[in-house]
Amino acid sequence: MTDKGKGGGSLSDKLLGGLGWIALGTGMQALVRLGTLVILARLITPSEFGLFAAVMTVVNISEILGNVGLAPALIQRKDIDRVDMMTAQTLSVCLATTFTVLVWLFADAIAALFAMPEIVPYLRAVAIIFLVKGLTALAKARMSRDLHFSMAAKVASASVVLGYSAVVLPLAWLGWGVWALVIAQMGQSLVTLFLYSLYYPPLLGFRFSWSSARRLLRFGLGFSSSTVVARFAGEADYVVIGRFLGSEALGIYSRAYQLVIQQTKRLGQTFDIVLFPALSKIQDSPERLEVGYGRAMAGAAFVASLITVPVYFLAEWIVMLLLGDQWTAATLPFALLGLGILPRTANRINSSLFQASAHLWVLTGLQFFNLLALVVSCILAAPYGLSFVAGAVTGVAWLNFAVFTVVIGRLQRMRLAGTLKTLLPAATAAAIVSLMAWLGRWTSEQLGAGFWAEGGIVLIAMALALPIILLLPNWALGLHGGWLRSFVISKIRRKKPSTGD
């Protein structure tokens, strides 16, 4: 991938540089959110967390419905002008206002769906978020289109610290409960809009062009349809648990989900944020698309697999350390959800390729299949408890990843064997780390180590496998490992990579 972008530099330079910046920002956000979660787990009850999780389920779905893919359409189109941006802004504001009003009016009906009438005032309070996020999405799209990933990382990190953590912690300490979480979510949205507006101020006035709207919505509706269905699928387990198991069970599940999926989901988003605009620029070059896809998939699988193993083997210690003994019921759901890190992360790359190559209605169909599978499996598992629901969610994630990979491979005429080849080295690395974890546990049992000592021994045992893996990138990352090592070394030495882009 050697195309020169704005400001010079190859697309690979921008891709790897963007991944670095977004990963840095994502890592910082994850640490801040994790630290905040550790404190909140001791200040807010599981039932209160459950009520907030139900509220955010509505926010997450309505946000996508109110955007209709306008922001992604601005990213994907090769040529846009001021009329396109003004039209997108006008549509976005109108739609966001509509959803703000709808959620306010139908708050009682939404609460009845969750069988939680107490969430009505919280729903009406967060309705303003839709309007704020509608404006933010367009500024974010313009920044992504220009590949200004360093700015995006800084804005996202600052909004988490200033808008969320700095607000929620004092309010939770004062005993505001669910309101602390709701107000903090609103604060983060407002800070995000303000910071993005410093770089990309909203366009003054309103202007609408039917021709521009048709061009944007042709892609946007397809994108939005797949994203809406995916968002429904992402919230389906929350709805099922909230309705059938209650707010306390939802609170326990949401904390386990927050620890393992929400934190690691940012890994997939890191690739997605960078890959979608980057792959869109080379959408007419199948060979380069396949190379970019393979490199991203290899890296994502490697990192995700090495996160999965510690999450699974150290689940009990992680929950006890971060949440406290009052949250031990979250341990098994946490471990089972951890087994879904790899397919969730890798499938963000599949989705990016579907979107960049404009196979949006195929993606919608696949997302709808995923939604049906998830709803049915969660309903069937709910009577047996949270752990069965978590297992069902992970099983559907793996099924979804397999189906997506096969379909996108056929659409792009990529060899399935080549895709599997990018995944097998990461699986081998994970197997080695798993073996070391088992050896660590066996050693601790032989020594009669206590609870915390056993966790430390298992962690050390897994860490001993990493130097061997990382010193052999061709083996650990397959074909693309050598390229990645060459690329990183070349950046350190400020020379061109030894292998071609």
# chains A, B, ... in the order shown; residues from 1 in each chain; ligands from 1
$ residues_around --residues "stretch 461-468 of chain A" --least-positions-apart "2" --cutoff "12 Å" --atoms "only C-alpha atoms" --output "ChimeraX atom specification"
/A:302-303,306-311,313-314,428-444,454-459,470-476
$ residues_around --residues "A:Tyr200" --least-positions-apart "6" --cutoff "8 Å" --atoms "only C-alpha atoms" --output "ChimeraX atom specification"
/A:139,142-143
$ closest_residue --among "A:Leu420, A:Ala137, A:Ala298, A:Ala158" --to "A:Met28" --atoms "only C-alpha atoms"
A:Ala158
